[in-house]
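Asks: My file is protein_27.cif. It has mmCIF, C-alpha atoms and all ligand atoms:
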data_upload
loop_
_atom_site.group_PDB
_atom_site.id
_atom_site.type_symbol
_atom_site.label_atom_id
_atom_site.label_comp_id
_atom_site.auth_asym_id
_atom_site.auth_seq_id
_atom_site.Cartn_x
_atom_site.Cartn_y
_atom_site.Cartn_z
ATOM 1 C CA SER A 1 58.630 -79.621 144.601
ATOM 2 C CA ILE A 2 61.485 -77.488 143.329
ATOM 3 C CA SER A 3 63.097 -78.541 140.081
ATOM 4 C CA THR A 4 66.386 -77.097 138.884
ATOM 5 C CA GLY A 5 67.079 -79.574 136.076
ATOM 6 C CA GLN A 6 66.621 -78.556 132.479
ATOM 7 C CA ASP A 7 63.223 -79.405 131.117
ATOM 8 C CA PHE A 8 64.169 -80.489 127.602
ATOM 9 C CA ASP A 9 66.235 -83.250 126.016
ATOM 10 C CA PHE A 10 68.449 -81.642 123.365
ATOM 11 C CA PHE A 11 68.805 -78.615 121.110
ATOM 12 C CA TYR A 12 68.261 -78.264 117.413
ATOM 13 C CA PHE A 13 70.804 -75.803 116.070
ATOM 14 C CA VAL A 14 69.175 -74.533 112.894
ATOM 15 C CA GLN A 15 70.930 -72.650 110.118
ATOM 16 C CA GLN A 16 69.234 -71.204 107.057
ATOM 17 C CA TRP A 17 70.434 -70.698 103.507
ATOM 18 C CA PRO A 18 69.580 -67.047 102.713
ATOM 19 C CA GLY A 19 69.186 -67.719 98.984
ATOM 20 C CA SER A 20 66.354 -70.147 99.745
ATOM 21 C CA TYR A 21 64.543 -67.713 102.022
ATOM 22 C CA CYS A 22 64.804 -64.928 99.477
ATOM 23 C CA ASP A 23 63.890 -66.667 96.203
ATOM 24 C CA THR A 24 60.458 -67.709 97.483
ATOM 25 C CA LYS A 25 57.145 -66.216 96.432
ATOM 26 C CA GLN A 26 57.188 -64.322 99.731
ATOM 27 C CA SER A 27 60.627 -62.871 98.937
ATOM 28 C CA CYS A 28 62.809 -61.281 101.634
ATOM 29 C CA CYS A 29 64.283 -57.989 102.814
ATOM 30 C CA TYR A 30 67.947 -57.402 103.532
ATOM 31 C CA PRO A 31 68.720 -56.129 107.008
ATOM 32 C CA THR A 32 69.237 -52.410 107.554
ATOM 33 C CA THR A 33 72.895 -53.266 108.151
ATOM 34 C CA GLY A 34 73.333 -54.483 104.566
ATOM 35 C CA LYS A 35 73.183 -57.632 102.448
ATOM 36 C CA PRO A 36 74.438 -60.610 104.467
ATOM 37 C CA GLU A 37 77.356 -62.712 103.326
ATOM 38 C CA ALA A 38 76.611 -65.643 101.015
ATOM 39 C CA ASP A 39 76.812 -68.156 103.851
ATOM 40 C CA PHE A 40 74.501 -70.156 106.060
ATOM 41 C CA SER A 41 73.235 -68.044 108.921
ATOM 42 C CA ILE A 42 71.701 -68.856 112.265
ATOM 43 C CA HIS A 43 67.941 -69.262 112.569
ATOM 44 C CA GLY A 44 67.864 -70.506 116.109
ATOM 45 C CA LEU A 45 68.908 -72.786 118.934
ATOM 46 C CA TRP A 46 65.782 -74.683 119.881
ATOM 47 C CA PRO A 47 65.249 -76.795 123.006
ATOM 48 C CA ASN A 48 63.398 -79.972 122.051
ATOM 49 C CA TYR A 49 62.037 -83.169 123.509
ATOM 50 C CA ASN A 50 63.023 -86.605 122.265
ATOM 51 C CA ASP A 51 59.444 -87.260 121.110
ATOM 52 C CA GLY A 52 59.584 -84.303 118.680
ATOM 53 C CA SER A 53 57.521 -81.901 120.729
ATOM 54 C CA TYR A 54 59.074 -78.799 122.192
ATOM 55 C CA PRO A 55 58.503 -76.195 124.871
ATOM 56 C CA SER A 56 58.015 -72.552 123.899
ATOM 57 C CA ASP A 57 57.620 -69.137 125.521
ATOM 58 C CA CYS A 58 58.700 -70.460 128.891
ATOM 59 C CA ASP A 59 59.377 -67.316 130.913
ATOM 60 C CA PRO A 60 57.494 -64.056 130.346
ATOM 61 C CA ASP A 61 59.471 -62.589 133.266
ATOM 62 C CA ASN A 62 62.744 -62.852 131.342
ATOM 63 C CA PRO A 63 62.157 -60.751 128.218
ATOM 64 C CA PHE A 64 64.784 -60.040 125.567
ATOM 65 C CA ASP A 65 67.197 -57.338 126.682
ATOM 66 C CA SER A 66 69.729 -56.231 124.095
ATOM 67 C CA SER A 67 71.828 -54.520 126.781
ATOM 68 C CA LYS A 68 72.682 -57.991 128.124
ATOM 69 C CA ILE A 69 74.239 -59.019 124.810
ATOM 70 C CA SER A 70 75.694 -55.722 123.615
ATOM 71 C CA ASN A 71 79.163 -57.220 123.135
ATOM 72 C CA LEU A 72 77.710 -59.884 120.810
ATOM 73 C CA ILE A 73 75.680 -57.587 118.546
ATOM 74 C CA PRO A 74 78.318 -57.026 115.832
ATOM 75 C CA LYS A 75 78.828 -60.776 115.435
ATOM 76 C CA MET A 76 75.088 -61.389 115.516
ATOM 77 C CA GLN A 77 74.613 -58.883 112.714
ATOM 78 C CA SER A 78 76.915 -60.958 110.506
ATOM 79 C CA ASP A 79 76.072 -64.494 111.672
ATOM 80 C CA TRP A 80 72.392 -64.158 112.665
ATOM 81 C CA PRO A 81 70.923 -61.645 110.198
ATOM 82 C CA THR A 82 67.185 -61.197 109.744
ATOM 83 C CA LEU A 83 65.803 -61.543 106.230
ATOM 84 C CA ALA A 84 62.121 -61.064 106.967
ATOM 85 C CA CYS A 85 60.254 -58.044 105.604
ATOM 86 C CA PRO A 86 60.197 -55.232 106.370
ATOM 87 C CA SER A 87 63.951 -54.734 106.803
ATOM 88 C CA GLY A 88 65.113 -54.703 110.401
ATOM 89 C CA ASN A 89 68.328 -54.518 112.382
ATOM 90 C CA GLY A 90 67.875 -58.024 113.811
ATOM 91 C CA LEU A 91 66.609 -57.120 117.276
ATOM 92 C CA LYS A 92 63.063 -58.249 116.515
ATOM 93 C CA PHE A 93 64.246 -61.658 115.214
ATOM 94 C CA TRP A 94 66.593 -62.199 118.176
ATOM 95 C CA LYS A 95 63.852 -61.152 120.618
ATOM 96 C CA HIS A 96 61.514 -63.693 119.029
ATOM 97 C CA GLU A 97 64.122 -66.461 119.236
ATOM 98 C CA TRP A 98 65.034 -65.685 122.856
ATOM 99 C CA GLU A 99 61.481 -65.404 124.101
ATOM 100 C CA LYS A 100 60.077 -68.396 122.192
ATOM 101 C CA HIS A 101 63.053 -70.774 122.517
ATOM 102 C CA GLY A 102 65.815 -69.310 124.696
ATOM 103 C CA THR A 103 63.619 -68.884 127.758
ATOM 104 C CA CYS A 104 63.012 -72.649 127.691
ATOM 105 C CA SER A 105 66.699 -73.424 128.232
ATOM 106 C CA GLU A 106 67.456 -70.594 130.667
ATOM 107 C CA SER A 107 68.289 -73.095 133.424
ATOM 108 C CA VAL A 108 71.385 -74.130 131.440
ATOM 109 C CA LEU A 109 72.106 -71.087 129.267
ATOM 110 C CA ASP A 110 71.329 -67.624 130.566
ATOM 111 C CA HIS A 111 70.417 -64.764 128.239
ATOM 112 C CA HIS A 112 74.012 -63.977 127.268
ATOM 113 C CA ALA A 113 75.171 -67.605 127.164
ATOM 114 C CA TYR A 114 72.281 -68.558 124.870
ATOM 115 C CA PHE A 115 73.382 -66.205 122.106
ATOM 116 C CA GLU A 116 77.076 -66.795 122.726
ATOM 117 C CA THR A 117 76.554 -70.547 122.439
ATOM 118 C CA ALA A 118 74.742 -70.242 119.128
ATOM 119 C CA LEU A 119 77.509 -68.040 117.714
ATOM 120 C CA LYS A 120 80.152 -70.495 118.898
ATOM 121 C CA LEU A 121 78.322 -73.418 117.311
ATOM 122 C CA LYS A 122 78.200 -71.609 113.986
ATOM 123 C CA ASP A 123 81.959 -70.977 114.161
ATOM 124 C CA GLN A 124 82.532 -74.664 114.825
ATOM 125 C CA LEU A 125 80.353 -75.774 111.906
ATOM 126 C CA ASN A 126 81.493 -74.389 108.599
ATOM 127 C CA LEU A 127 78.692 -75.987 106.624
ATOM 128 C CA LEU A 128 79.255 -74.082 103.389
ATOM 129 C CA GLN A 129 82.950 -74.978 103.330
ATOM 130 C CA ILE A 130 82.105 -78.614 104.077
ATOM 131 C CA LEU A 131 79.649 -78.756 101.178
ATOM 132 C CA LYS A 132 81.907 -76.927 98.715
ATOM 133 C CA SER A 133 84.871 -79.161 99.429
ATOM 134 C CA SER A 134 82.895 -82.400 99.486
ATOM 135 C CA GLY A 135 83.396 -83.246 95.821
ATOM 136 C CA ASN A 136 86.859 -84.716 95.829
ATOM 137 C CA LYS A 137 86.596 -87.037 98.774
ATOM 138 C CA HIS A 138 84.804 -90.137 97.530
ATOM 139 C CA THR A 139 86.455 -90.564 94.188
ATOM 140 C CA SER A 140 89.986 -91.817 94.580
ATOM 141 C CA SER A 141 89.029 -95.453 94.145
ATOM 142 C CA SER A 142 86.225 -94.984 91.643
ATOM 143 C CA ASN A 143 86.577 -95.482 87.950
ATOM 144 C CA PRO A 144 83.187 -94.732 86.483
ATOM 145 C CA SER A 145 84.054 -95.725 82.922
ATOM 146 C CA ASN A 146 85.561 -99.023 84.069
ATOM 147 C CA THR A 147 88.614 -98.615 81.883
ATOM 148 C CA ILE A 148 92.265 -98.975 82.738
ATOM 149 C CA LEU A 149 93.500 -95.653 84.072
ATOM 150 C CA ARG A 150 96.953 -94.245 84.352
ATOM 151 C CA PRO A 151 97.665 -92.318 87.559
ATOM 152 C CA ASP A 152 97.275 -89.031 85.719
ATOM 153 C CA ASP A 153 93.807 -89.998 84.524
ATOM 154 C CA ALA A 154 92.738 -90.863 88.024
ATOM 155 C CA TYR A 155 93.976 -87.494 89.203
ATOM 156 C CA PHE A 156 92.027 -85.788 86.439
ATOM 157 C CA ILE A 157 88.824 -87.505 87.517
ATOM 158 C CA ASP A 158 89.545 -86.593 91.107
ATOM 159 C CA ILE A 159 89.671 -82.862 90.535
ATOM 160 C CA MET A 160 86.712 -82.888 88.153
ATOM 161 C CA ILE A 161 84.146 -84.087 90.696
ATOM 162 C CA PRO A 162 82.350 -80.893 91.681
ATOM 163 C CA GLY A 163 81.583 -79.914 95.236
ATOM 164 C CA ILE A 164 78.121 -78.932 96.388
ATOM 165 C CA GLU A 165 77.963 -75.234 95.610
ATOM 166 C CA PRO A 166 75.256 -72.561 95.810
ATOM 167 C CA ASP A 167 75.198 -72.271 92.013
ATOM 168 C CA GLY A 168 71.514 -72.890 91.323
ATOM 169 C CA GLY A 169 72.268 -76.527 90.486
ATOM 170 C CA PHE A 170 70.469 -79.617 91.773
ATOM 171 C CA TYR A 171 72.157 -82.021 94.149
ATOM 172 C CA GLY A 172 71.135 -85.332 95.665
ATOM 173 C CA LEU A 173 69.595 -84.925 99.107
ATOM 174 C CA LYS A 174 71.601 -87.997 100.119
ATOM 175 C CA SER A 175 74.862 -86.498 98.891
ATOM 176 C CA ILE A 176 74.244 -83.333 100.914
ATOM 177 C CA LYS A 177 73.539 -85.346 104.069
ATOM 178 C CA GLU A 178 76.547 -87.570 103.393
ATOM 179 C CA ALA A 179 78.881 -84.594 102.892
ATOM 180 C CA ILE A 180 77.834 -83.070 106.215
ATOM 181 C CA LYS A 181 78.172 -86.419 107.974
ATOM 182 C CA GLU A 182 81.691 -86.741 106.539
ATOM 183 C CA GLY A 183 82.567 -83.191 107.531
ATOM 184 C CA THR A 184 81.101 -83.080 111.035
ATOM 185 C CA GLY A 185 80.669 -86.704 112.113
ATOM 186 C CA TYR A 186 76.903 -86.249 112.407
ATOM 187 C CA THR A 187 73.976 -86.690 110.050
ATOM 188 C CA PRO A 188 72.007 -83.447 109.704
ATOM 189 C CA GLY A 189 68.301 -82.897 109.306
ATOM 190 C CA ILE A 190 67.514 -81.119 106.054
ATOM 191 C CA GLU A 191 64.457 -78.919 105.566
ATOM 192 C CA CYS A 192 63.399 -77.811 102.112
ATOM 193 C CA ASN A 193 61.120 -75.107 100.857
ATOM 194 C CA VAL A 194 60.143 -74.186 97.314
ATOM 195 C CA ASP A 195 61.207 -71.346 95.072
ATOM 196 C CA GLU A 196 58.843 -69.358 92.874
ATOM 197 C CA SER A 197 58.935 -72.128 90.247
ATOM 198 C CA ARG A 198 58.057 -74.721 92.924
ATOM 199 C CA ASN A 199 61.524 -76.333 92.839
ATOM 200 C CA SER A 200 62.392 -78.114 96.078
ATOM 201 C CA GLN A 201 65.472 -76.435 97.552
ATOM 202 C CA LEU A 202 67.878 -76.560 100.488
ATOM 203 C CA TYR A 203 66.401 -74.210 103.092
ATOM 204 C CA GLN A 204 67.576 -75.184 106.588
ATOM 205 C CA ILE A 205 70.137 -77.529 108.114
ATOM 206 C CA TYR A 206 69.430 -78.965 111.583
ATOM 207 C CA MET A 207 72.268 -80.231 113.769
ATOM 208 C CA CYS A 208 71.596 -81.677 117.220
ATOM 209 C CA VAL A 209 73.403 -80.463 120.322
ATOM 210 C CA ASP A 210 73.411 -81.882 123.840
ATOM 211 C CA SER A 211 71.321 -80.147 126.488
ATOM 212 C CA SER A 212 74.313 -78.216 127.848
ATOM 213 C CA GLY A 213 74.922 -76.634 124.436
ATOM 214 C CA THR A 214 78.483 -77.912 124.191
ATOM 215 C CA SER A 215 78.685 -80.942 121.895
ATOM 216 C CA LEU A 216 77.068 -82.161 118.724
ATOM 217 C CA ILE A 217 75.130 -85.387 119.195
ATOM 218 C CA ASN A 218 73.336 -87.855 116.939
ATOM 219 C CA CYS A 219 69.849 -86.474 116.411
ATOM 220 C CA PRO A 220 67.239 -88.295 118.507
ATOM 221 C CA LEU A 221 64.879 -87.544 115.638
ATOM 222 C CA PHE A 222 64.795 -85.469 112.500
ATOM 223 C CA PRO A 223 62.350 -82.820 111.373
ATOM 224 C CA ARG A 224 59.766 -84.013 108.870
ATOM 225 C CA ASN A 225 61.373 -84.356 105.470
ATOM 226 C CA ARG A 226 59.673 -82.366 102.753
ATOM 227 C CA CYS A 227 62.570 -82.532 100.282
ATOM 228 C CA SER A 228 62.624 -84.077 96.820
ATOM 229 C CA SER A 229 65.450 -86.546 96.194
ATOM 230 C CA GLN A 230 67.217 -83.903 94.079
ATOM 231 C CA ILE A 231 67.173 -80.399 95.521
ATOM 232 C CA GLU A 232 68.290 -77.006 94.317
ATOM 233 C CA PHE A 233 71.051 -75.067 96.032
ATOM 234 C CA PRO A 234 70.279 -71.517 94.896
ATOM 235 C CA SER A 235 72.796 -68.717 94.788
ATOM 236 C CA PHE A 236 72.570 -65.717 97.083
HETATM 237 P P1 LIG A 301 57.612 -73.969 110.545
HETATM 238 O O1 LIG A 301 56.164 -74.181 110.747
HETATM 239 O O2 LIG A 301 57.942 -72.796 109.676
HETATM 240 O O3 LIG A 301 58.408 -75.202 110.229
HETATM 241 O O4 LIG A 301 58.175 -73.567 111.973
HETATM 242 C C1 LIG A 301 57.694 -72.442 112.617
HETATM 243 C C2 LIG A 301 58.378 -72.312 113.927
HETATM 244 O O5 LIG A 301 58.079 -73.390 114.791
HETATM 245 C C3 LIG A 301 59.892 -72.319 113.856
HETATM 246 O O6 LIG A 301 60.384 -71.040 113.594
HETATM 247 C C4 LIG A 301 60.266 -72.767 115.233
HETATM 248 O O7 LIG A 301 60.174 -71.686 116.113
HETATM 249 C C5 LIG A 301 59.201 -73.742 115.556
HETATM 250 N N1 LIG A 301 59.577 -75.121 115.221
HETATM 251 C C6 LIG A 301 59.275 -75.806 114.087
HETATM 252 N N2 LIG A 301 59.754 -77.066 114.166
HETATM 253 C C7 LIG A 301 60.375 -77.171 115.356
HETATM 254 C C8 LIG A 301 61.036 -78.237 116.030
HETATM 255 O O8 LIG A 301 61.168 -79.346 115.535
HETATM 256 N N3 LIG A 301 61.549 -77.960 117.251
HETATM 257 C C9 LIG A 301 61.424 -76.742 117.838
HETATM 258 N N4 LIG A 301 61.960 -76.580 119.055
HETATM 259 N N5 LIG A 301 60.783 -75.736 117.249
HETATM 260 C C10 LIG A 301 60.276 -75.939 116.022
HETATM 261 P P1 LIG A 302 60.564 -69.456 114.519
HETATM 262 O O1 LIG A 302 59.271 -69.092 115.182
HETATM 263 O O2 LIG A 302 60.373 -70.405 113.431
HETATM 264 O O3 LIG A 302 61.682 -69.733 115.434
HETATM 265 O O4 LIG A 302 61.081 -68.119 113.772
HETATM 266 C C1 LIG A 302 60.416 -67.631 112.683
HETATM 267 C C2 LIG A 302 59.999 -66.213 112.956
HETATM 268 O O5 LIG A 302 61.131 -65.342 112.892
HETATM 269 C C3 LIG A 302 59.005 -65.718 111.949
HETATM 270 O O6 LIG A 302 58.092 -64.938 112.622
HETATM 271 C C4 LIG A 302 59.813 -64.880 111.024
HETATM 272 O O7 LIG A 302 59.077 -63.850 110.462
HETATM 273 C C5 LIG A 302 60.880 -64.335 111.927
HETATM 274 N N1 LIG A 302 62.096 -64.054 111.189
HETATM 275 C C6 LIG A 302 62.732 -62.860 111.148
HETATM 276 N N2 LIG A 302 63.822 -62.951 110.368
HETATM 277 C C7 LIG A 302 63.866 -64.227 109.906
HETATM 278 C C8 LIG A 302 64.760 -64.910 109.054
HETATM 279 O O8 LIG A 302 65.766 -64.383 108.544
HETATM 280 N N3 LIG A 302 64.495 -66.222 108.807
HETATM 281 C C9 LIG A 302 63.412 -66.851 109.349
HETATM 282 N N4 LIG A 302 63.232 -68.130 109.046
HETATM 283 N N5 LIG A 302 62.552 -66.233 110.143
HETATM 284 C C10 LIG A 302 62.774 -64.933 110.433
HETATM 285 P P1 LIG A 303 56.472 -65.782 111.301
HETATM 286 O O1 LIG A 303 55.062 -65.565 111.621
HETATM 287 O O2 LIG A 303 56.991 -66.874 112.145
HETATM 288 O O3 LIG A 303 57.168 -64.502 111.112
HETATM 289 O O4 LIG A 303 56.557 -66.372 109.839
HETATM 290 C C1 LIG A 303 55.721 -67.404 109.402
HETATM 291 C C2 LIG A 303 56.354 -68.078 108.214
HETATM 292 O O5 LIG A 303 56.557 -67.142 107.121
HETATM 293 C C3 LIG A 303 57.717 -68.609 108.552
HETATM 294 O O6 LIG A 303 57.940 -69.813 107.821
HETATM 295 C C4 LIG A 303 58.637 -67.516 108.100
HETATM 296 O O7 LIG A 303 59.914 -68.027 107.838
HETATM 297 C C5 LIG A 303 57.926 -66.988 106.872
HETATM 298 N N1 LIG A 303 58.173 -65.563 106.645
HETATM 299 C C6 LIG A 303 57.803 -64.525 107.416
HETATM 300 N N2 LIG A 303 58.217 -63.352 106.865
HETATM 301 C C7 LIG A 303 58.854 -63.680 105.707
HETATM 302 C C8 LIG A 303 59.509 -62.938 104.695
HETATM 303 O O8 LIG A 303 59.609 -61.696 104.710
HETATM 304 N N3 LIG A 303 60.049 -63.650 103.666
HETATM 305 C C9 LIG A 303 59.970 -65.003 103.614
HETATM 306 N N4 LIG A 303 60.538 -65.634 102.569
HETATM 307 N N5 LIG A 303 59.357 -65.729 104.533
HETATM 308 C C10 LIG A 303 58.816 -65.078 105.578
#
Could you show the structure in this file as structure tokens?
Replies:
Amino acid sequence: SISTGQDFDFFYFVQQWPGSYCDTKQSCCYPTTGKPEADFSIHGLWPNYNDGSYPSDCDPDNPFDSSKISNLIPKMQSDWPTLACPSGNGLKFWKHEWEKHGTCSESVLDHHAYFETALKLKDQLNLLQILKSSGNKHTSSSNPSNTILRPDDAYFIDIMIPGIEPDGGFYGLKSIKEAIKEGTGYTPGIECNVDESRNSQLYQIYMCVDSSGTSLINCPLFPRNRCSSQIEFPSF
């Protein structure tokens, strides 16, 4: 029988922290277009099943064609840079993502819409800003030293609680998840990798998106957690 419905349940929208890709033993290479901004960048938009499995390489007859996305290329160079070695202009990475993942959602997002949707999702999710500004939110009623405070003291405490910054410091995995839940309404999946000194660090952030690519949803399941309870947020 003929099926026109989409054959997956939801998308993972995955963003990577470039500092955590580059400070590994494997290292990284900046794209030919220059060092990316110090911001999360897109890894991919991945169709997934609710049981954790996923389809891949679904349509060999619909190969990557950069001419179909030529108007998106400048934005992809800034928001979806490749950091793999050797240095590239991004086309190889985007080809891989389209052919492995994008072809499995082509019934809902065509070639152009797939990339456009990922770029739009990144614009809607300013993860770095959410993390940086997370410090001052949970403190107004707290008084860690349990002493009587004047209003000015409370204010002082308020502005002294640091946000979660890519400064090479260690942050609670829970506080990172909580900040993103506060900022977006949804709990993210967090994937860690290790730097050259084997420190567990913030590598990728997974947000879940409905199967039309329009709205964030609660994740049906999260990727396997390999993070320590305290993880590094390296600079880039
Ligand atoms: P890794 O083994 O590095 O975690 O993942 C390798 C590749 O497998 C990823 O780049 C991605 O293409 C795919 N992959 C890993 N985990 C998932 C997942 O949970 N869902 C989907 N759709 N793909 C995944
Ligand atoms: P996945 O199969 O997990 O979706 O994508 C990973 C593949 O994309 C790997 O083959 C990797 O070499 C390539 N790749 C190219 N540039 C990047 C990058 O900046 N980050 C990651 N994670 N993979 C990249
Ligand atoms: P792939 O075969 O999918 O390109 O890459 C396999 C694994 O090695 C993925 O986890 C990918 O992110 C990682 N990888 C591939 N090339 C590089 C690289 O140049 N630098 C780093 N740090 N990781 C890479």
Asks: Expand the PyMOL selection byres (((chain A and resi 127-129) around 8) and not hetatm) into the individual residues it matches in the shown file, reporting them as number ranges by chain.
Replies: A: 39-40, 125-126, 130-133, 165, 180
Asks: Go ahead and save the picked residues with C-alpha atoms, as a PDB file, in the coordinates of the input.
Replies:
ATOM      1  CA  ASP A  39      76.812 -68.156 103.851  1.00  0.00           C
ATOM      2  CA  PHE A  40      74.501 -70.156 106.060  1.00  0.00           C
ATOM      3  CA  LEU A 125      80.353 -75.774 111.906  1.00  0.00           C
ATOM      4  CA  ASN A 126      81.493 -74.389 108.599  1.00  0.00           C
ATOM      5  CA  ILE A 130      82.105 -78.614 104.077  1.00  0.00           C
ATOM      6  CA  LEU A 131      79.649 -78.756 101.178  1.00  0.00           C
ATOM      7  CA  LYS A 132      81.907 -76.927  98.715  1.00  0.00           C
ATOM      8  CA  SER A 133      84.871 -79.161  99.429  1.00  0.00           C
ATOM      9  CA  GLU A 165      77.963 -75.234  95.610  1.00  0.00           C
ATOM     10  CA  ILE A 180      77.834 -83.070 106.215  1.00  0.00           C
TER      11      ILE A 180
END
Asks: Kindly assemble as a tab-separated table a list of the chain A residues that lie within 8 Å of ligand LIG 302 (chain A), each paired with its nearest atom pair and their distance in Å to one decimal, using only C-alpha atoms and all ligand atoms, sorted first by chain and then by ascending residue number.
Replies:
residue	atom	partner	partner_atom	distance
A:Gln16	CA	A:LIG302	N4	7.0
A:Pro18	CA	A:LIG302	O8	7.5
A:Tyr21	CA	A:LIG302	N3	6.9
A:His43	CA	A:LIG302	N3	5.9
A:Gly44	CA	A:LIG302	O3	6.3
A:Trp46	CA	A:LIG302	O3	7.8
A:Trp80	CA	A:LIG302	O8	7.8
A:Pro81	CA	A:LIG302	O8	6.1
A:Thr82	CA	A:LIG302	O8	3.7
A:Leu83	CA	A:LIG302	O8	3.7
A:Ala84	CA	A:LIG302	N2	4.2
A:Cys85	CA	A:LIG302	O7	7.7
A:Gly90	CA	A:LIG302	N2	7.2
A:Lys92	CA	A:LIG302	C6	7.1
A:Phe93	CA	A:LIG302	C6	4.5
A:His96	CA	A:LIG302	O5	6.4
A:Glu97	CA	A:LIG302	O3	5.6
A:Lys100	CA	A:LIG302	O3	7.1
A:His101	CA	A:LIG302	O3	7.3
Asks: Give the answer as one residue: which of A:Thr184, A:Ser56, A:Ser27, A:Gln6 has the shortest atom-to-atom distance to ligand LIG 301 (chain A), using only C-alpha atoms and all ligand atoms?
Replies: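 Looking only at the distances to ligand LIG 301 (chain A), the closest residue turns out to be A:Ser56.
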Asks: Evaluate the PyMOL selection byres (((chain A and resi 216) around 12) and not hetatm) against this structure - the residues, as a PDB file with C-alpha atoms, in the frame of the given file, please.
Replies:
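out-v4.pdb was written with the following content:
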ATOM      1  CA  PHE A  10      68.449 -81.642 123.365  1.00  0.00           C
ATOM      2  CA  PHE A  11      68.805 -78.615 121.110  1.00  0.00           C
ATOM      3  CA  TYR A  12      68.261 -78.264 117.413  1.00  0.00           C
ATOM      4  CA  PHE A  13      70.804 -75.803 116.070  1.00  0.00           C
ATOM      5  CA  LEU A 121      78.322 -73.418 117.311  1.00  0.00           C
ATOM      6  CA  LYS A 122      78.200 -71.609 113.986  1.00  0.00           C
ATOM      7  CA  GLN A 124      82.532 -74.664 114.825  1.00  0.00           C
ATOM      8  CA  LEU A 125      80.353 -75.774 111.906  1.00  0.00           C
ATOM      9  CA  LYS A 181      78.172 -86.419 107.974  1.00  0.00           C
ATOM     10  CA  THR A 184      81.101 -83.080 111.035  1.00  0.00           C
ATOM     11  CA  GLY A 185      80.669 -86.704 112.113  1.00  0.00           C
ATOM     12  CA  TYR A 186      76.903 -86.249 112.407  1.00  0.00           C
ATOM     13  CA  THR A 187      73.976 -86.690 110.050  1.00  0.00           C
ATOM     14  CA  PRO A 188      72.007 -83.447 109.704  1.00  0.00           C
ATOM     15  CA  TYR A 206      69.430 -78.965 111.583  1.00  0.00           C
ATOM     16  CA  MET A 207      72.268 -80.231 113.769  1.00  0.00           C
ATOM     17  CA  CYS A 208      71.596 -81.677 117.220  1.00  0.00           C
ATOM     18  CA  VAL A 209      73.403 -80.463 120.322  1.00  0.00           C
ATOM     19  CA  ASP A 210      73.411 -81.882 123.840  1.00  0.00           C
ATOM     20  CA  SER A 211      71.321 -80.147 126.488  1.00  0.00           C
ATOM     21  CA  SER A 212      74.313 -78.216 127.848  1.00  0.00           C
ATOM     22  CA  GLY A 213      74.922 -76.634 124.436  1.00  0.00           C
ATOM     23  CA  THR A 214      78.483 -77.912 124.191  1.00  0.00           C
ATOM     24  CA  SER A 215      78.685 -80.942 121.895  1.00  0.00           C
ATOM     25  CA  ILE A 217      75.130 -85.387 119.195  1.00  0.00           C
ATOM     26  CA  ASN A 218      73.336 -87.855 116.939  1.00  0.00           C
ATOM     27  CA  CYS A 219      69.849 -86.474 116.411  1.00  0.00           C
ATOM     28  CA  PRO A 220      67.239 -88.295 118.507  1.00  0.00           C
TER      29      PRO A 220
END
Asks: If you take every atom of region 41-47 of chain A that the file lists and fit an axis-aligned box around them with 5 Å extra on each side, what centre and edge lengths come out in Å to one decimal, as lines of an AutoDock Vina configuration file?
Replies:
center_x = 69.2
center_y = -72.4
center_z = 116.0
size_x = 18.0
size_y = 18.8
size_z = 24.1
Asks: Using the chain letters and numbers from the file, which residues does the PyMOL selection byres (((chain A and resi 234) around 7) and not hetatm) grab, as a PyMOL selection string?
Replies: chain A and resi 19-20+166-169+232-233+235-236
Asks: Give me the residues within 9 Å of Met76 (chain A) as a ChimeraX atom specification, counting all atoms listed in the file and dropping any in the same chain fewer than 6 places off.
Replies: /A:42,90,94,115,119
Asks: Could the residues in this selection be saved with C-alpha atoms as an mmCIF file, in the frame of the given file?
Replies:
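And here's again.cif as it stands now:
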data_model
loop_
_atom_site.group_PDB
_atom_site.id
_atom_site.type_symbol
_atom_site.label_atom_id
_atom_site.label_comp_id
_atom_site.auth_asym_id
_atom_site.auth_seq_id
_atom_site.Cartn_x
_atom_site.Cartn_y
_atom_site.Cartn_z
ATOM 1 C CA ILE A 42 71.701 -68.856 112.265
ATOM 2 C CA GLY A 90 67.875 -58.024 113.811
ATOM 3 C CA TRP A 94 66.593 -62.199 118.176
ATOM 4 C CA PHE A 115 73.382 -66.205 122.106
ATOM 5 C CA LEU A 119 77.509 -68.040 117.714
#
Asks: Atom P1 of ligand LIG 301 (chain A) and CA of Gly163 (chain A), how far apart in Å?
Replies: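 Computing the Euclidean distance for CA of Gly163 (chain A) and atom P1 of ligand LIG 301 (chain A) yields 29.1 Å.
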Asks: Check every protein, DNA and RNA residue against ligand LIG 301 (chain A), keep those with an atom at most 6 Å away (counting all atoms listed in the file), and present them as a list in words.
Replies: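 Residues lying within 6 Å of ligand LIG 301 (chain A): Trp46, Pro47, Asn48, Tyr54 and Pro223 of chain A.
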Asks: Pick the closest to ligand LIG 303 (chain A) from A:Arg226, A:His112, A:Lys25, A:Arg198: which is it, counting all atoms listed in the file?
Replies: A:Lys25
Asks: I need the residue nearest Val194 (chain A) from this list: A:Ile231, A:Leu221, A:Ala179, A:Val108. Use all atoms listed in the file for the distance.
Replies: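 Ranked by minimum distance to Val194 (chain A), first place goes to A:Ile231.
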Asks: Suppose you want the space between CA of Ile176 (chain A) and CA of Asp123 (chain A); what is it in Å?
Replies: 19.7 Å
Asks: How many Å separate atom C8 of ligand LIG 303 (chain A) from CA of Ser87 (chain A)?
Replies: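 Going from atom C8 of ligand LIG 303 (chain A) over to CA of Ser87 (chain A), I get 9.6 Å.
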Asks: Which residue is closest to Gly52 (chain A)? Choose from A:Phe8, A:Ser78, A:His111, A:Glu196 and count only C-alpha atoms.
Replies: A:Phe8
